[in-house]
Amino acid sequence: MVTKTKNLNKINGRDPPKIGVYICWCGINIGGVVDVPKLCDYARTLPNVVLASEYKFMCSDIGQGMIMEDIKAGKINRVVVSACSPRMHEETFRRACEEGGLNKFLFEQANIREHCTWVTMHDVPGATRIAKDHIRMAVAKVGALKPLEVTTVKVEPSTLIVGAGIAGINAALDLANSGYKVYLVDKSPTVGGHMAHLDKTFPTMDCSSCITTPKMSEVARNPNIELMTYSEVISLDGYVGNFKVRIEKYPHYIDQNICTGCGHCTDICPVECANEFDLGMKPRKAIYLSFPQAVPGEYTIDMKHCIRCGICQETCPTAAVRYDDKPEYVDITVGTIILATGYDPYDATRMGQYGYGRIKNVINALQMERLLSSYGPTEGKVKRPSDLKEPESIVWVQCVGSREFTGKGRKYCSRVCCMYATKQARSYKEKHPNTQCFIFYIDLRAFGKGYEEFYNDTAKNYGIKFIRGRVAELLEAGNGNVIVRAEDTTLQRPVELEVDMVVLSVGLEPRSDIDDIARIFNVTASKTEDGFLMEAHPKLRPVDTLTAGIFVAGNVVGPKDIPDTVAQAKAAASSASTLMSRGEVEIIPYYSTVLSHKCAGCKSCISLCPFNAITFNEIEKVAEINDILCKGCGTCVADCPSKAIIQNHFDDIQILPMIATAIPKKPQAEEVEVE
Amino acid sequence: MSSQEIFDPYILGIFCNWCSYAGADGAGTSRMQRPANLRIVRVMCGGRVDPQFVINALMNGADGVMVSHCHPGDCHYIEGNLKTVRKMPLLKRYLEQFGINPKRVRYIFVSASEGVVLTEIAKEFSQEIIELGPNPIRGGN
């Protein structure tokens with residue numbers, strides 16, 4: 001499973017260091033603040049530095065070429081690039097070193113952009129001082145670095161996809177069709193996610209279920225996809241290429257092998273409770289199928305509501321009901337993981353002024369989707385909840401929970417609400433041309449392909465009134481009507497309208513269990529302020545997380561519409577298959593090693609290791625570290641009382657020189673030199 | 001030259017790669033300005049921060065040391081940060097016994113998205129160190 005490859009390093013790292021320092025201008029990002037040629041002069045004065053060069057963009061071909069040439073010419077055997085953050089370009093320059101014939105770990109990057117010129121832009125002497133310190137620290141470290149061998153591990157040709165909404169479905173189909181095994185896991189009893197709830201999709205007015213349901217049945221049919229609905233990932237272990245996943249399959253209380261799906265049990269079940277699929281607008285039985293097109297079509301007993309009367313068990317024609325059904329645990333090994341867990345609609349009860357949950361005829365947009373849907377609670381005839389009257393006037397309130405700075409909602413724009421409200425109003429108007437529809441908005445954002453045209457067409461040809469102004473409050477009138485109070489900011493006057501029904505265009509929020517998801521998949525470091533997961537790079541690595549082998553797609557990263565979600569899903573599938581088709585992946589060898597001659601055998605490191613990578617050799621009476629299990633955090637290194645553990649690349653002999661040189665011996669004398 | 005009159009502290013940051021170093025990168029990308037006195041050493045995990053790193057920095061004349069890593073529960077290596085959280089109070093007591101003001105050492109949590117938090121703490125810490133004056137080891141008072 002695990003192989004080690006010899007790195008083709010001509011220079012073994014034991015030669016006395018000949019350090020080359022390359023300082024990047026990064027256009028004006030660095031060069032516009034500090035005097036790069038002067039920094040070069042300074043670098044040349046540092047111990048073991050044999051040359052210092054500068055270039056506009058070190059990351060360019062020419063810049064990398066400079067490094068390679070100097071290595072090939074035998075001028076240098078250690079490289080310091082003083083440029084942006086190593087999190088940005090460490091790998092780029094390491095590759096350049098490798099191509100030049102140097103072990104790529106004999107490289108160190110001094111961050112003089114993110115940590116220097118960008119944060120101290122107006123303090124030139126200060127920035128110069130920090131830049132010099134960072135260069136000096138990098139030079140001190142690079143001299144102490146050792147060549148390392150890269151570890152390669154095999155990547156299992158299988159993917160776990162968490163979340164079977166439109167993102168998960170698309171990623172699963174792409175991967176399965178490329179020949180990879182896919183485990184598609186979803187908490188709910190059916191695949192389809194939020195898209196299955198929708199009536200139509202903007203801007204084409206495609207019927208949502210017409211485009212989703214074929215995909216849903218395709219995932220069920222595809223032999224490479226193992227569908228695990230009504231299941232949850234409960235733990236994750238391992239690393240890229242070899243993730244060990246434990247999945248809990250919730251009990252259905254019905255033997256799916258025997259159940260024929262006749263639906264008799266649902267007919268006779270005496271318990272009625274709110275139907276999640278129709279957002280509580282229609283009852284369902286305690287024994288139920290989510291919705292007619294559910295995939296897989298598995299009946300489930302909802303034990304929270306079941307009263308165990310036993311009628312279904314007694315009358316089931318195939319005797320498939322099992323009240324004593326237990327959760328099942330499945331262990332799988334996968335090479336890659338895609339998180340596509342989606343979003344939660346904003347809970348509008350938090351905005352008290354809109355009376356959601358209190359005023360009967362104030363509903364949210366997803367409920368409106370169900371009302372518009374032909375297989376919704378009213379079979380496509382929109383009726384208001386209080387008296388089932390067909391509304392003659394409807395107001396859409398935009399930005400409910402989005403673009404909110406009071407703390408009740410979210411600061412970001414949810415990106416889909418302008419368009420779905422326009423779509424819903426248009427859809428309603430198509431069927432009921434003599435009704436009145438109003439949309440109260442702050443700004444109308446129609447940014448996607450065909451969106452502006454769609455909005456224009458709807459506004460001009462459907463008689464929908466768009467009023468610019470945020471709704472201040474909603475009040476209940478005696479007859480079930482809703483009074484809408486707002487300011488029309490275009491005409492600069494207050495507006496008060498009495499309408500039959502109000503739809504709140506709720507925004508998209510991170511799932512309520514996003515923290516658990518982040519924790520299980522060890523991507524907690526990748527969370528943004530708004531609570532969504534964070535991409536490894538917002539522009540260049542939009543579907544990667546900071547954890548190798550784990551990708552993200554769709555609304556788990558932030559609000560997006562269906563086309564963007566599908567694009568990300570396909571991108572995530574492509575990134576996962578890139579890893580799997582190569583078949584092996586390099587693991588950065590920052591693992592730690594026990595120096596057995598120093599180890600006193602105290603075992604204190606063993607309990608510290610979060611990855612159980614340290615074992616005790618009872619014969620030698622020393623601790624041993626498994627370098628594949630070791631993830632390279634270095635906790636044991638910091639704690640070993642005998643200083644018997646060393647960490648590759650971040651050892652004391654590398655860090656202490658950095659610390660020792662961080663503060664120049666005569667700081668004030670040096671400052672004078674800057675001037 | 002102002003440095004003759006105004007004390008310009010040397011602050012060393014020891015930051016974990018996944019949260020705090022990334023957070024500092026984020027502060028840079030967003031051009032959040034802070035006093036030019038923080039130098040950052042990168043380690044993979046907060047757990048790697050050996051108390052001797054801090055002591056070494058102070059012995060070498062750093063006026064302040066900032067140890068920063070992921071929030072509890074967010075550690076890329078599960079709980080390396082918590083190991084450091086336990087060590088830091090002890091280290092501060094030890095420093096105090098040796099006549100070094102423990103306020104010179106600050107351990108903080110900065111996540112990858114908290115460039116703002118880092119910038120605010122860096123400013124505040126810088127001010128605090130200026131008030132404390134130069135590290136006595138560096139020839140201060």
# chains A, B, ... in the order shown; residues from 1 in each chain; ligands from 1
>>> residues_around(residues="B:Ile129", least_positions_apart="3", cutoff="12 Å", atoms="only C-alpha atoms", output="number ranges by chain")
B: 7-12, 35, 37-38, 62-66, 101-106, 121-126, 132-135
>>> interface_residues(of="chain A", to="chain B", cutoff="7 Å", atoms="only C-alpha atoms", output="list of chain:residue names")
A:Ser85, A:Glu114, A:His115, A:Trp118, A:Val119, A:Thr120, A:Gly126, A:Ala127, A:Ile130, A:His134, A:Asn522, A:Thr524, A:Ala525, A:Ser526, A:Lys527, A:Thr528, A:Glu529, A:Pro610, A:Cys633, A:Gly634, A:Thr635, A:Val637, A:Ala638, A:Asp639, A:Phe650, A:Leu656, A:Ile659, A:Ala660, A:Ile663
>>> residues_around(residues="stretch 595-599 of chain A", least_positions_apart="2", cutoff="7 Å", atoms="only C-alpha atoms", output="number ranges by chain")
A: 593, 601, 622, 642, 644-645
>>> closest_residue(among="A:Leu474, A:Ala446, A:Val33, A:Ala600", to="A:Cys418", atoms="only C-alpha atoms")
A:Ala446
>>> residues_around(residues="A:Ser512", least_positions_apart="4", cutoff="12 Å", atoms="only C-alpha atoms", output="list in words")
Thr341, Gly342, Tyr343, Asp344, Pro345, Tyr346, Asp347, Leu508, Asp516, Ile517, Ala518, Gly531, Phe532 and Val556 of chain A
>>> write_last_selection(atoms="N, CA and C atoms", output="PDB file, in the first residue's frame")
ATOM      1  N   THR A 341     -23.176  18.883   1.252  1.00  0.00           N
ATOM      2  CA  THR A 341     -24.255  18.766   2.234  1.00  0.00           C
ATOM      3  C   THR A 341     -25.278  19.891   2.155  1.00  0.00           C
ATOM      4  N   GLY A 342     -25.028  20.868   1.291  1.00  0.00           N
ATOM      5  CA  GLY A 342     -26.063  21.861   1.034  1.00  0.00           C
ATOM      6  C   GLY A 342     -26.287  22.876   2.134  1.00  0.00           C
ATOM      7  N   TYR A 343     -27.499  23.365   2.204  1.00  0.00           N
ATOM      8  CA  TYR A 343     -27.822  24.518   3.058  1.00  0.00           C
ATOM      9  C   TYR A 343     -29.093  24.267   3.846  1.00  0.00           C
ATOM     10  N   ASP A 344     -29.417  25.193   4.737  1.00  0.00           N
ATOM     11  CA  ASP A 344     -30.729  25.255   5.384  1.00  0.00           C
ATOM     12  C   ASP A 344     -31.366  26.565   4.942  1.00  0.00           C
ATOM     13  N   PRO A 345     -32.677  26.559   4.676  1.00  0.00           N
ATOM     14  CA  PRO A 345     -33.314  27.856   4.417  1.00  0.00           C
ATOM     15  C   PRO A 345     -33.332  28.654   5.713  1.00  0.00           C
ATOM     16  N   TYR A 346     -33.196  29.965   5.596  1.00  0.00           N
ATOM     17  CA  TYR A 346     -33.180  30.831   6.782  1.00  0.00           C
ATOM     18  C   TYR A 346     -34.504  30.687   7.542  1.00  0.00           C
ATOM     19  N   ASP A 347     -34.391  30.562   8.857  1.00  0.00           N
ATOM     20  CA  ASP A 347     -35.586  30.424   9.691  1.00  0.00           C
ATOM     21  C   ASP A 347     -36.166  31.815   9.949  1.00  0.00           C
ATOM     22  N   LEU A 508     -30.250  31.685   2.243  1.00  0.00           N
ATOM     23  CA  LEU A 508     -29.666  30.355   2.429  1.00  0.00           C
ATOM     24  C   LEU A 508     -28.631  30.440   3.550  1.00  0.00           C
ATOM     25  N   ASP A 516     -20.682  19.896  13.079  1.00  0.00           N
ATOM     26  CA  ASP A 516     -20.445  18.455  13.229  1.00  0.00           C
ATOM     27  C   ASP A 516     -19.807  17.905  11.959  1.00  0.00           C
ATOM     28  N   ILE A 517     -20.314  18.364  10.828  1.00  0.00           N
ATOM     29  CA  ILE A 517     -19.769  17.897   9.547  1.00  0.00           C
ATOM     30  C   ILE A 517     -18.299  18.278   9.465  1.00  0.00           C
ATOM     31  N   ALA A 518     -18.004  19.542   9.793  1.00  0.00           N
ATOM     32  CA  ALA A 518     -16.621  20.027   9.711  1.00  0.00           C
ATOM     33  C   ALA A 518     -15.722  19.219  10.644  1.00  0.00           C
ATOM     34  N   GLY A 531     -19.871  30.942   8.421  1.00  0.00           N
ATOM     35  CA  GLY A 531     -20.274  29.612   8.853  1.00  0.00           C
ATOM     36  C   GLY A 531     -20.205  28.544   7.775  1.00  0.00           C
ATOM     37  N   PHE A 532     -20.052  28.948   6.529  1.00  0.00           N
ATOM     38  CA  PHE A 532     -19.911  27.950   5.466  1.00  0.00           C
ATOM     39  C   PHE A 532     -18.487  27.398   5.481  1.00  0.00           C
ATOM     40  N   VAL A 556     -22.609  24.048   0.388  1.00  0.00           N
ATOM     41  CA  VAL A 556     -21.838  23.859   1.612  1.00  0.00           C
ATOM     42  C   VAL A 556     -20.729  24.909   1.709  1.00  0.00           C
TER      43      VAL A 556
END
>>> select_by_dssp(residues="stretch 10-133 of chain B", states="strand (DSSP E or B)", output="list in words")
Ile11, Leu12, Gly13, Ile14, Phe15, Cys16, Leu38, Arg39, Ile40, Val41, Arg42, Val43, Gly64, Val65, Met66, Val67, Ser68, His69, Cys75, Ile78, Val105, Arg106, Tyr107, Ile108 and Phe109 of chain B
>>> select_by_dssp(residues="chain B", states="helix (DSSP H, G or I)", output="VMD selection string")
chain B and resid 2 to 4 20 to 29 46 to 48 51 to 59 80 to 97 102 to 104 115 to 132 136 to 138
